[in-house]
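Okay, work-v5.tsv now, which holds TSV, C-alpha atoms (C1' of nucleotides):
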chain	number	residue	atom	x	y	z
A	266	MET	CA	235.20	14.69	-12.52
A	267	ALA	CA	231.70	13.45	-13.29
A	268	ARG	CA	229.20	16.17	-13.86
A	269	ALA	CA	225.50	15.77	-13.26
A	270	ARG	CA	223.44	15.02	-16.32
A	271	CYS	CA	221.08	17.79	-17.32
A	272	LEU	CA	217.47	16.77	-16.72
A	273	MET	CA	214.46	18.07	-18.56
A	274	ASP	CA	212.21	20.46	-16.71
A	275	GLU	CA	208.96	18.80	-15.70
A	276	HIS	CA	206.86	21.34	-17.58
A	277	THR	CA	208.90	20.94	-20.74
A	278	PHE	CA	207.94	17.30	-20.73
A	279	THR	CA	204.28	17.76	-19.88
A	280	HIS	CA	203.89	20.48	-22.51
A	281	ASN	CA	205.72	18.78	-25.33
A	282	PHE	CA	205.40	15.02	-25.10
A	283	PRO	CA	201.71	14.22	-24.55
A	284	ASN	CA	200.12	12.72	-27.65
A	285	HIS	CA	196.98	14.85	-27.49
A	286	LYS	CA	198.92	18.09	-27.98
A	287	ARG	CA	200.36	19.74	-31.05
A	288	THR	CA	203.43	21.75	-30.27
A	289	ARG	CA	205.70	23.95	-32.31
A	290	LYS	CA	208.76	22.64	-30.57
A	291	THR	CA	210.22	19.21	-30.97
A	292	TYR	CA	212.10	17.52	-28.18
A	293	LEU	CA	214.24	14.43	-28.48
A	294	CYS	CA	215.58	12.25	-25.67
A	295	TYR	CA	218.29	9.73	-26.52
A	296	GLU	CA	220.09	6.82	-24.93
A	297	VAL	CA	223.26	5.25	-26.24
A	298	GLU	CA	224.19	1.67	-25.57
A	299	ILE	CA	227.39	0.02	-26.69
A	300	LEU	CA	226.97	-3.70	-27.08
A	301	CYS	CA	229.92	-5.75	-25.83
A	302	GLY	CA	232.21	-2.89	-25.01
A	303	ASP	CA	232.86	0.44	-23.44
A	304	SER	CA	231.47	3.45	-25.27
A	305	GLY	CA	234.35	5.64	-24.22
A	306	LEU	CA	231.74	8.26	-23.52
A	307	PRO	CA	232.16	10.30	-20.34
A	308	PRO	CA	229.77	9.23	-17.58
A	309	ASP	CA	226.28	10.64	-17.97
A	310	GLU	CA	226.79	11.59	-21.59
A	311	ASP	CA	225.18	8.39	-22.80
A	312	LYS	CA	221.77	9.94	-22.13
A	313	GLY	CA	220.48	13.36	-22.94
A	314	PHE	CA	217.88	15.46	-24.66
A	315	LEU	CA	217.80	18.05	-27.42
A	316	CYS	CA	215.38	20.58	-28.85
A	317	ASN	CA	215.05	22.08	-32.30
A	318	LYS	CA	215.87	25.69	-33.00
A	319	GLY	CA	212.71	27.40	-34.17
A	320	ALA	CA	212.09	30.24	-36.56
A	321	ASP	CA	211.42	32.39	-33.51
A	322	GLN	CA	215.07	32.15	-32.44
A	323	PRO	CA	218.12	33.92	-33.85
A	324	GLY	CA	220.00	32.28	-36.68
A	325	LEU	CA	218.91	29.58	-39.04
A	326	PRO	CA	216.22	27.20	-37.83
A	327	CYS	CA	217.33	23.61	-37.32
A	328	HIS	CA	215.35	20.47	-36.78
A	329	VAL	CA	216.30	18.49	-33.71
A	330	GLU	CA	217.37	15.42	-35.69
A	331	LEU	CA	220.27	17.37	-37.19
A	332	TYR	CA	221.47	18.31	-33.72
A	333	LEU	CA	221.32	14.62	-32.86
A	334	LEU	CA	223.52	13.68	-35.82
A	335	GLU	CA	225.91	16.46	-34.88
A	336	ARG	CA	226.14	15.11	-31.36
A	337	ILE	CA	226.64	11.50	-32.42
A	338	ARG	CA	229.46	12.54	-34.73
A	339	SER	CA	231.08	14.52	-31.92
A	340	TRP	CA	231.40	11.32	-29.87
A	341	ASN	CA	233.73	9.73	-32.45
A	342	LEU	CA	232.49	6.29	-31.50
A	343	ASP	CA	234.64	3.29	-32.28
A	344	ARG	CA	233.36	1.94	-35.58
A	345	LYS	CA	234.31	-1.57	-34.51
A	346	LEU	CA	231.77	-1.52	-31.70
A	347	HIS	CA	228.07	-1.78	-32.23
A	348	CYS	CA	226.16	1.20	-30.96
A	349	ARG	CA	222.45	1.09	-30.28
A	350	LEU	CA	220.78	4.46	-30.16
A	351	THR	CA	217.25	4.78	-28.81
A	352	CYS	CA	215.37	8.02	-29.31
A	353	PHE	CA	212.12	9.31	-27.88
A	354	ILE	CA	210.89	12.21	-29.94
A	355	SER	CA	207.77	14.33	-29.66
A	356	TRP	CA	207.18	14.41	-33.45
A	357	THR	CA	208.30	11.84	-36.02
A	358	PRO	CA	211.06	13.17	-38.31
A	359	CYS	CA	209.98	15.21	-41.33
A	360	GLY	CA	210.73	13.82	-44.79
A	361	THR	CA	214.04	15.64	-45.12
A	362	CYS	CA	215.30	14.66	-41.67
A	363	ALA	CA	214.17	11.07	-42.16
A	364	ARG	CA	216.26	10.85	-45.32
A	365	LYS	CA	219.26	12.39	-43.57
A	366	LEU	CA	218.97	9.87	-40.74
A	367	ALA	CA	218.67	7.08	-43.32
A	368	GLU	CA	221.81	8.31	-45.06
A	369	PHE	CA	223.65	8.37	-41.73
A	370	LEU	CA	222.63	4.79	-40.96
A	371	LYS	CA	223.85	3.62	-44.35
A	372	GLU	CA	227.22	5.27	-43.81
A	373	ASN	CA	227.51	4.10	-40.21
A	374	SER	CA	226.64	0.44	-40.10
A	375	HIS	CA	227.94	0.22	-36.54
A	376	VAL	CA	225.02	2.35	-35.39
A	377	SER	CA	221.48	1.05	-35.11
A	378	LEU	CA	218.61	3.40	-34.47
A	379	CYS	CA	215.35	2.83	-32.68
A	380	ILE	CA	212.84	5.68	-32.68
A	381	PHE	CA	209.78	6.03	-30.49
A	382	ALA	CA	207.64	9.02	-31.38
A	383	SER	CA	204.75	10.58	-29.51
A	384	ARG	CA	202.98	11.99	-32.58
A	385	ILE	CA	203.19	11.69	-36.34
A	386	TYR	CA	204.42	14.81	-38.09
A	387	SER	CA	202.31	14.63	-41.21
A	388	LEU	CA	203.25	17.33	-43.65
A	389	HIS	CA	204.73	17.20	-47.11
A	390	ASP	CA	206.58	13.98	-47.96
A	391	TYR	CA	206.61	12.57	-44.45
A	392	GLU	CA	205.27	9.17	-45.44
A	393	ALA	CA	207.94	8.40	-48.03
A	394	GLY	CA	210.55	9.76	-45.63
A	395	LEU	CA	209.51	7.42	-42.84
A	396	ARG	CA	209.56	4.48	-45.23
A	397	THR	CA	213.05	5.41	-46.40
A	398	LEU	CA	214.21	5.58	-42.80
A	399	GLN	CA	212.73	2.19	-42.06
A	400	GLU	CA	214.34	0.70	-45.14
A	401	ALA	CA	217.70	2.00	-43.90
A	402	GLY	CA	217.24	-0.23	-40.87
A	403	ALA	CA	215.70	2.08	-38.31
A	404	GLN	CA	212.95	0.78	-36.11
A	405	ILE	CA	210.12	3.28	-35.82
A	406	ALA	CA	207.26	3.01	-33.37
A	407	ILE	CA	204.78	5.13	-31.47
A	408	MET	CA	205.38	5.79	-27.78
A	409	THR	CA	203.09	3.88	-25.46
A	410	PHE	CA	202.54	4.26	-21.72
A	411	LYS	CA	205.73	2.28	-21.19
A	412	GLU	CA	207.88	4.72	-23.17
A	413	PHE	CA	206.27	7.85	-21.72
A	414	LYS	CA	206.84	6.50	-18.22
A	415	HIS	CA	210.41	5.53	-19.06
A	416	CYS	CA	211.12	9.03	-20.38
A	417	TRP	CA	209.63	10.62	-17.32
A	418	GLU	CA	211.72	8.47	-15.03
A	419	THR	CA	214.92	8.77	-17.04
A	420	PHE	CA	215.06	12.27	-18.48
A	421	VAL	CA	212.78	14.46	-16.38
A	422	ASP	CA	213.58	16.35	-13.21
A	423	HIS	CA	210.45	14.88	-11.62
A	424	GLN	CA	211.36	15.61	-8.00
A	425	GLY	CA	210.27	12.16	-7.00
A	426	ARG	CA	206.78	12.51	-8.42
A	427	PRO	CA	205.47	9.49	-10.37
A	428	PHE	CA	204.52	9.67	-14.04
A	429	GLN	CA	200.93	10.83	-14.48
A	430	PRO	CA	199.31	9.60	-17.68
A	431	TRP	CA	196.66	11.72	-19.38
A	432	ASP	CA	193.19	10.45	-20.27
A	433	GLU	CA	193.72	9.88	-23.96
A	434	LEU	CA	197.20	8.39	-23.75
A	435	ASP	CA	196.34	4.80	-24.68
A	436	VAL	CA	193.63	5.58	-27.23
A	437	ASN	CA	195.82	8.09	-29.04
A	438	SER	CA	198.86	5.86	-28.91
A	439	GLN	CA	196.93	2.94	-30.38
A	440	GLY	CA	195.40	5.07	-33.12
A	441	LEU	CA	198.72	6.62	-34.07
A	442	SER	CA	200.35	3.22	-34.03
A	443	LYS	CA	197.84	1.89	-36.55
A	444	GLU	CA	198.39	4.97	-38.67
A	445	LEU	CA	202.16	4.49	-38.60
A	446	GLN	CA	201.87	0.81	-39.43
A	447	ALA	CA	199.75	1.68	-42.44
A	448	ILE	CA	202.36	4.17	-43.60
A	449	LEU	CA	205.28	1.81	-43.11
A	450	GLN	CA	203.54	-1.13	-44.74
A	451	THR	CA	202.71	0.77	-47.90
A	452	ARG	CA	204.83	-0.30	-50.84
A	453	GLN	CA	207.00	2.39	-52.35
A	454	ASN	CA	206.52	3.04	-56.03
B	213	DA	C1'	198.94	39.27	-34.05
B	214	DT	C1'	196.92	34.81	-34.88
B	215	DT	C1'	196.92	30.17	-35.42
B	216	DT	C1'	196.62	24.76	-33.72
B	217	DT	C1'	202.30	19.72	-37.17
B	218	DC	C1'	210.42	21.30	-35.96
B	219	DA	C1'	205.62	28.23	-38.66
B	220	DA	C1'	203.26	30.46	-41.81
B	221	DT	C1'	200.21	33.90	-42.71
As structure tokens, the full file:
Amino acid sequence: MARARCLMDEHTFTHNFPNHKRTRKTYLCYEVEILCGDSGLPPDEDKGFLCNKGADQPGLPCHVELYLLERIRSWNLDRKLHCRLTCFISWTPCGTCARKLAEFLKENSHVSLCIFASRIYSLHDYEAGLRTLQEAGAQIAIMTFKEFKHCWETFVDHQGRPFQPWDELDVNSQGLSKELQAILQTRQN
DNA sequence: ATTTTCAAT
């Protein structure tokens, strides 16, 4: 029996995804696409969203990217089929998570990863991490109006309401995009 | 309890 896919609460989206905010939570929406084949995934499990576990919650904290890897592995996808994974994430991966994603991509050549991020998480070794992830084949870009609208329409329980952009959406997106390009174009030493 | 980046102070 098909069960309804869990949608993100409207306020979760409007509090966490806008690119003029800085939040202590990180949300990640994903879509899986199997090229030339059936994923074998149950209906409605090819799209979903995840959130990190913060230091304010019981147990060990965990960045959302690690939950994503856990989930991908749980699908046991056919390695003979090419899987395209698209993620929309409120912060770019930290250096450690970026390296773990890169390692996963190297070990799983049947999976390609495309990341759209709202904001750039810029602490510690984030720049080298993002470059490592790109070198492992991931595409990394900043979310634009198109991606925010797509997320709203695809993952949010919007009750029929249309996506409402905020004032600084385009300006921030363009600025962050330039910043990301500069990071990714820098040569590693 | 406060702060303004997946907490840290």
Report the closest atom pair, with its distance in Å rounded to one decimal, for each residue of chain B that has an atom no farther than 8 Å from chain A; count all atoms listed in the file, sort by chain and then rising residue number, and write it as a tab-separated table.
residue	atom	partner	partner_atom	distance
B:DT216	C1'	A:Arg287	CA	6.8
B:DT217	C1'	A:Tyr386	CA	5.4
B:DC218	C1'	A:His328	CA	5.1
B:DA219	C1'	A:Ala320	CA	7.1
Write the selection just made, keeping C-alpha atoms (C1' of nucleotides), as a short mmCIF file (atom, residue, chain, number, x, y, z; two decimals), keeping the file's coordinate frame?
data_model
loop_
_atom_site.label_atom_id
_atom_site.label_comp_id
_atom_site.auth_asym_id
_atom_site.auth_seq_id
_atom_site.Cartn_x
_atom_site.Cartn_y
_atom_site.Cartn_z
"C1'" DT B 216 196.62 24.76 -33.72
"C1'" DT B 217 202.30 19.72 -37.17
"C1'" DC B 218 210.42 21.30 -35.96
"C1'" DA B 219 205.62 28.23 -38.66
#
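The interatomic distance for the pair CA of Arg452 in chain A and CA of Lys365 in chain A works out to 20.5 Å.
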- In terms of the shortest atom-to-atom distance over all atoms listed in the file, which of A:Arg426, A:Arg338, A:Arg349, A:His276 is closest to Gly402 in chain A?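 Result for the nearest residue to Gly402 in chain A: A:Arg349.
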- One-decimal distance in Å that lies between CA of Cys379 in chain A and CA of Gly360 in chain A: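 A separation of 17.0 Å between them.
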- Fewer than 4 positions away in the same chain doesn't count, so skip those; otherwise give me all residues within 12 Å of Val376 in chain A, counting only C-alpha atoms (C1' of nucleotides), as a PyMOL selection string. chain A and resi 297-300+334+337-338+341-351+366-372+401-403
- Hey, what's within 12 Å of Ala382 in chain A if we count only C-alpha atoms (C1' of nucleotides) and toss same-chain stuff fewer than 6 positions away? As a ChimeraX atom specification, please? /A:281-284,291-295,351-359,395,404-410,412-413,416,438,441-442,445
- Message: What's the separation between CA of Glu275 in chain A and CA of Leu378 in chain A, in Å to one decimal place?
- Response: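 Value for the CA of Glu275 in chain A-CA of Leu378 in chain A distance: 26.1 Å.
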- Could you check which of A:Thr451, A:Gln446, A:Cys301, A:Thr279 is closest to Trp431 in chain A, using only C-alpha atoms?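 Among A:Thr451, A:Gln446, A:Cys301, A:Thr279, it is A:Thr279 that comes nearest to Trp431 in chain A.
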- Considering all atoms listed in the file, state which residue in the set A:Arg364, A:Lys312, A:Arg336, A:His415 is at the smallest distance from Leu272 in chain A.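 Nearest candidate to Leu272 in chain A out of A:Arg364, A:Lys312, A:Arg336, A:His415: A:Lys312.
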